[in-house]
Every structure is written in C-alpha cells, then in structure tokens.
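Report on the following structure.
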Amino acid sequence: MRSVLCYGDSNTYGQTTANKPDDRYGHDVRWPGVLREILGHKWLVIEEGLSGRTTVSDDPIEGAEKNGRTYLRPCIMSHKPLDLVLIMLGTNDLKIRFNKTAGEIAMGVGALVSDIKSLPAGVDGKVPEIMIIAPPPTARDLKEWSGVFLGAQDKSRELAGEYERIAEANEVHFFDAGLVVRSSKEDGFHLGAKAHSVLGQAIAVEIESIGWPD
Amino acid sequence: MRFAPPPSIRMADRSSGLNQVLARSFNERLIMSLLLQNDGMTRLQLGQASGLSAQTISVIVRALERDRLISKGEAVRGRIGPPTTPIRLNPDGAFSIGLHIGISVLEAALIDFVGTPLMLKSSPIGNFDAENILAGLSSLVVDMTEECGPVRKSGLTGIGITMPRNFDDPTLSDAVHDIDLEDEMRNRTGLEVFIQNDVTATAGAESMFGAARNLGDHLFFYLGRTIQPRLILGGRIYSGSIAVPHLKMQTAEFPDFNALKQAPDQVGPQMATWIRTCSEGLTRLILDFGKFASVPDVVISGPVRDDIADEIVRLTRDEITATKPETSIAASTLGPWALTIGAAALPFHTRFMADMLY
C-alpha cells in the first residue's frame, strides 16, 4: 500500500464556499476523498488541509498555527514513510497583509520542498516524490473578501508560472489545477463541490502519471 | 598532440545517479547513455535502470525535450504526462563529423545522434606532410558543412579525429604526430576537436550504436593488415601496448581495402586468402585470451562490407565452437566505414555520455 499526503489549505480541508464558513464538504465530496475513491485500493490518502494555511508565514490575525512551514515537519514525520507529498498552497499568501509577490509565494513553496527533502520521510529513507500543485486563480470578483485579497486577482494568475519554475529548479512534479477547475463564484477563492470532484479525478491521473514500479 | 582518454562506455548500468540539482548534467548524461543503449525506454524503466527518482527523471526528460535531444513526447504544459510513453533519442538532435587519417587516404563521415552515417567522403593524401593533411581534413569538413544544410550544420557538436597507432612507417607517424591537430583544426573549422586512436574510438562507437550496444564485457577486433584487439571490461576499453603482429601474408597478397570500399564488386582473389588468414588469426587470439579470462562476446569489425565480415565471423565461429562453445561472435554493424564512424562518435561521447573516472 502506498501513501500520499495531501498538504494544503481550506481547499484541501474541504471548506465550503464562504457563505457557510463553518461548513466542510463530506469526506467523499472533498478532493482527497475523491482521490481515495479512485486510488483507495492501492493508496492510503492522508488529508492534511487547514483553512487559512500559508506557505511559510505566521498569520498575524488568524494565528501562528497557520504557518505551513512550522507544521510541515511534524506532520511529515507523523505520517512517514510517504511515497508522495502533494502541496497545494499559496492562496492565503495572496492576502494583502503578507504583501508577497507571486514569485515570493512560489519561493515559499520551494522552501517547503527543501524541508521535505531534508527529511528521511520516504520509503527506505529516500526522499518521497513531491508534487507542487498550483491553486486555481481567484475569481475576478472576490465579494466581501476583496479587501483581504487586495490585488490577488492578478497575482494569483502568475502563480502557476512561478510554481512551475520552482518545481523545475527543485526537481519535483508540477500540476496546474487551473487547467481543470476554477474558483467558485460564490466567494471567489474556494472550490465548489463539482470542482472538488474534477480536481480529485485530475490529481488521480497525475499521480498515476508519475509512474510507480510494481 | 593531446590524446583524449579512451572513451568509456556502458556507464549507465553500473552507477546510480545523484539526486541533486548540482549533478544535473551527470544525470542527464546517465539518461542519454541509457537511451543510446536501449531503443525506447519509458520514464518508469529509466527510473529503475538509473536509480533516479521519478521526479528527477521527469525534469531531465523535459530538459532533454526542450533541447531536442530526445523526440518530443505527448507532454502537456502544467501536467506530468503518461509514464509509459517510450522515450527515444532524437536522431536530428545532434550531429558530428568524424575524420580518419589513413596511410594514403583521408576519410570523413557525418553522423546523426543515433550513429546513422548521413554523408561519407574520402580524399587521397598526396604528399604525406602536415600541410597536406591539414588542408585535406579542412576541405573535407568544409565540403560537408556546405552540403549538409543549415539545420545539420548548426547541430554539429564537434569533430572527432582518429588515426592508427603507427602508420607502418616511422616517418609517416612522425609527420602526423608533429601536427597540433587539435589547435589547427579548431582554428580552421571553428568546431571543437576530439582526438583518439582509431580502433579504440571504433570500439567505443560499436558500444554506442553498433553490434556491442547491448553487450557487457567483450573482445573487439579490427581487421586489416593486422588484427587489432581491444578488451572492453567494466565499461572501459583496454588496448595492449605491444605492437600488433601483422597477418602472415605478403604485402602484395592484401586486398586493396580502399578500392573495396569504393567498388565492392571488384573483389580480387586476395580476398579469400585474407578472409582465411584473418579467421585463423582471430581464432588463435580468442583462444589465447580465453586462457586468462572468460569473456563471452566477440565483435569483429573491418573495412569490409557485411557479407565479407559475416564470412569471417562464420569461419571463426566454426573454429571456436569446438573448444569454446559458449563464445558468441558477431560482426560489426557499422560497415566498412567503421573507423570513420568511430571518429564521429567521439564528440558525442565526450559531450553527452556519462563518463567514468579514469
């Protein structure tokens, strides 16, 4: 049995579009659940999504626990040995309070990759395969979140390109989720139930595409 | 003149790569070595053969695709792509010119990245002196670069030059060895120049894209007026230091190898004698070598067309089978221009193949 860790933010946690902020999609609706449904006979799918998680920053408003870097190491070590780590982060880094460019957000993702590679978290002490997933761009209309995400519309459209470069430089896999899903029109940055289904299926294809010896 | 170290080969099956960005070029060479030796490997197979992770293979494959060194797969931007698509070297990804200096003739070959000869030329050496040789070599290169078209010209990775260890005549040897071929030819052609002994380079080419492509340790023989042996052991090519004895034939009895290449049908009566003498010599050498070590495979090359090489192989096999039935003997697949193709393989080896420490 292989194992994959899905390390992400609210869109991995399965937060519903923001008009119902406390709500979470059912385990079979959110994309790691869709992935489990498709790969579950061969793969253990581990969900590690936290709403508000950033790549490498403590959040001065939402709390230090949103820092994706400080939680990554204990999280990885709790679940090792891992065959694959998926990282889909960066949406929360678009918040104006962090004042980051798309390139800097990508560098944060690169830092996470370096951290994973520094740990003997793979099978037989190797480095696990790592896939950087670029989150889909935000909608143009971010509704009541427009102030929090000031300028995020344009920056989010640069993320995929920057992530691809970082993936290349770090020799890890890359998938652009924007190829298959869009952010929901409801709140502008979360994924609808249909998007979760499509994304889960697409990621399953990408995981198979990596190629796994029997 | 500076001789390059003998080309090492089959690096790929004895090393595991380093999973670091810094070592990228080494890993890329490792992958290209594997692709040269195997006709179409999937990313999965490349990973298993090289010991590199799937992510490293993916990145290397993308980089090689960008540089057109491998044929374009079905890659979609932003996605990983199928792991089971066979990956092949792109024949048009790189080109090379080989020059061979013989006793009376200069030969040139332009080959593509998988060793297919695209152009073959030769020109007689008039007076065997430095200026004549340099002028002859340069004009062969100029002719080829003018005729090969802009794509191949811009894809040229260098010039390989080879020559015999000695030219049967010390004055000829001195004349060649006094030339700074590397400098002179680089200045005259603007291309990088690699120099090597002719038979050693040909043994290397045989392992890259000839009959020894999938062989491990083996013996390689190049036939002519002598039998020149090479031992390929653990990915390295070894040559003895003692002058190779001539075949037991009078000079007049040798067939005219140059004429044979140009007009294969004018095979004189000398050919039969030469074939028989070669096979006797080979049999003796193979059996003698078997007293020291057991090497299962033998590859035989010479300036002759395939049917003649096959005849020598057949005769030798008949002799050997009684004593050493486990020995497998094969004819070169590089054809009568093997020495020139061997020269052309040198730039590829130096620039693209995984190398061993000497």
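Every chain in the structure tokens takes a letter, A first, then B, and so on in the order presented; its residues are numbered from 1, and the ligands are numbered from 1 following the presented order.
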
Please, which residues of chain A lie no more than 12 Å from chain B when the count uses only C-alpha atoms, and can they be set out as an MDAnalysis selection string?
chainID A and resid 83:85 114 117 122:123 126:135 159:180 202:214

I need the residues in range 17-194 of chain A that are strand (DSSP E or B) according to DSSP; give them as a list in words.
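Written out, the strand (DSSP E or B) residues of range 17-194 of chain A are Arg24, Trp43, Leu44, Val45, Ile46, Glu47, Glu48, Gly49, Thr54, Asp59, Gly63, Asn67, Leu84, Val85, Leu86, Ile87, Met88, Glu129, Ile130, Met131, Ile132, Ile133, Ala134, His173, Phe174, Phe175 and Asp176 of chain A.
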
Can you tell me which residues surround Asp143 in chain B at a distance of at most 12 Å, considering only C-alpha atoms, apart from same-chain residues fewer than 3 positions away, and format the answer as a PyMOL selection string?
chain B and resi 97+108-110+119-123+136-140+146-149+153+189

Would you compute the distance between CA of Pro170 in chain B and CA of Leu223 in chain B? Give it in Å to one decimal.
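Computed distance, CA of Pro170 in chain B to CA of Leu223 in chain B, equals 21.1 Å.
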
Rounded to one decimal place, report the CA of Ser78 in chain A-CA of Gly108 in chain A distance in Å.
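Taking CA of Ser78 in chain A as the start and CA of Gly108 in chain A as the end point, the length is 21.9 Å.
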
Could you tell me how far CA of Ile116 in chain A lies from CA of Ala102 in chain A, in Å and to one decimal?
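A separation of 21.6 Å between them.
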
Tell me which protein, DNA and RNA residues are within 7 Å of range 201-208 of chain B, counting only C-alpha atoms, leaving out same-chain ones fewer than 2 positions away, and put them as a PyMOL selection string.
chain B and resi 7+9+36-37+196-199+210-213+220+338-339+342-343+345-346

Show me, as a ChimeraX atom specification, the residues that have an atom within 6 Å of Gly40 in chain B when counting only C-alpha atoms, minus same-chain residues fewer than 3 positions from it.
/B:86-88

Produce a file of the selected residues containing N, CA and C atoms, as a PDB file, in the first residue's frame.
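Below is the file again_27.pdb, written as the result:
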ATOM      1  N   PRO B  86       7.266   5.454 -24.610  1.00  0.00           N
ATOM      2  CA  PRO B  86       8.704   5.225 -24.800  1.00  0.00           C
ATOM      3  C   PRO B  86       9.418   6.512 -25.229  1.00  0.00           C
ATOM      4  N   ILE B  87      10.552   6.739 -24.628  1.00  0.00           N
ATOM      5  CA  ILE B  87      11.339   7.933 -24.933  1.00  0.00           C
ATOM      6  C   ILE B  87      12.535   7.510 -25.779  1.00  0.00           C
ATOM      7  N   ARG B  88      12.777   8.243 -26.847  1.00  0.00           N
ATOM      8  CA  ARG B  88      13.892   7.901 -27.741  1.00  0.00           C
ATOM      9  C   ARG B  88      14.753   9.119 -27.980  1.00  0.00           C
TER      10      ARG B  88
END

Env of Thr12 in chain A: 9 Å cut, atoms = only C-alpha atoms, seq-sep filter 4 positions within chain, self excluded. Answer as a ChimeraX atom specification.
/A:6-8,30-32,47-51,88,196

For those residues, write C-alpha atoms to a file as a PDB file, in the first residue's frame.
ATOM      1  CA  CYS A   6      -2.320  15.964   0.790  1.00  0.00           C
ATOM      2  CA  TYR A   7      -0.852  19.095   2.357  1.00  0.00           C
ATOM      3  CA  GLY A   8      -2.986  22.148   1.741  1.00  0.00           C
ATOM      4  CA  ARG A  30     -13.740  16.944  -0.999  1.00  0.00           C
ATOM      5  CA  TRP A  31     -10.947  16.193  -3.445  1.00  0.00           C
ATOM      6  CA  PRO A  32      -8.775  13.979  -1.197  1.00  0.00           C
ATOM      7  CA  GLU A  47      -5.729  14.576   4.437  1.00  0.00           C
ATOM      8  CA  GLU A  48      -3.828  17.500   5.934  1.00  0.00           C
ATOM      9  CA  GLY A  49      -5.762  20.585   4.910  1.00  0.00           C
ATOM     10  CA  LEU A  50      -6.094  23.588   7.233  1.00  0.00           C
ATOM     11  CA  SER A  51      -8.183  26.639   6.459  1.00  0.00           C
ATOM     12  CA  MET A  88      -1.364  22.841  -2.793  1.00  0.00           C
ATOM     13  CA  HIS A 196     -13.570  19.128  -5.870  1.00  0.00           C
TER      14      HIS A 196
END

Show which residues sit within 12 Å of Thr70 in chain A, as an mmCIF file with C-alpha atoms, in the first residue's frame. Count only C-alpha atoms, and ignore same-chain residues fewer than 2 positions away.
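Ended up saving to selection.cif:
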data_model
loop_
_atom_site.group_PDB
_atom_site.id
_atom_site.type_symbol
_atom_site.label_atom_id
_atom_site.label_comp_id
_atom_site.auth_asym_id
_atom_site.auth_seq_id
_atom_site.Cartn_x
_atom_site.Cartn_y
_atom_site.Cartn_z
ATOM 1 C CA ARG A 53 -2.723 27.838 5.955
ATOM 2 C CA THR A 54 0.047 29.836 4.319
ATOM 3 C CA THR A 55 3.250 28.561 2.782
ATOM 4 C CA VAL A 56 5.761 29.905 5.308
ATOM 5 C CA SER A 57 4.144 32.758 7.270
ATOM 6 C CA ASP A 58 2.635 33.096 10.746
ATOM 7 C CA ALA A 64 0.805 31.300 14.120
ATOM 8 C CA GLU A 65 -0.633 27.837 13.566
ATOM 9 C CA LYS A 66 -1.494 28.856 10.009
ATOM 10 C CA ASN A 67 2.204 28.752 9.163
ATOM 11 C CA GLY A 68 2.582 25.885 6.664
ATOM 12 C CA LEU A 72 5.142 20.627 7.893
ATOM 13 C CA ARG A 73 7.988 18.789 9.626
ATOM 14 C CA PRO A 74 5.997 17.234 12.480
ATOM 15 C CA CYS A 75 3.214 16.485 10.012
ATOM 16 C CA ILE A 76 5.536 14.708 7.603
ATOM 17 C CA ALA A 111 11.187 26.222 0.976
ATOM 18 C CA LEU A 112 8.622 23.555 1.853
ATOM 19 C CA ASP A 115 12.253 20.921 4.065
ATOM 20 C CA ILE A 116 10.653 17.704 2.851
#

Based on the backbone DSSP call, show me all residues of range 12-144 of chain B assigned helix (DSSP H, G or I), as an MDAnalysis selection string.
chainID B and resid 12:14 21:37 43:50 54:66 91:93 130:144

Pick the closest to Leu191 in chain A from A:Leu5, A:Leu150, A:Val34, A:Ala139: which is it, counting only C-alpha atoms?
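For Leu191 in chain A, the nearest of the given residues is A:Ala139.
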
Which of these, A:Val198, A:Asp187, A:Arg2, A:His79, has the shortest distance to His41 in chain A once you count only C-alpha atoms?
A:Arg2

Go through B:Val141, B:Ile329, B:Met163, B:Ile103 one by one, measure the shortest atom-to-atom distance of each to Gly126 in chain B using only C-alpha atoms, and give the residue with the smallest value.
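Residue with the minimum atom-to-atom distance to Gly126 in chain B: B:Ile103.
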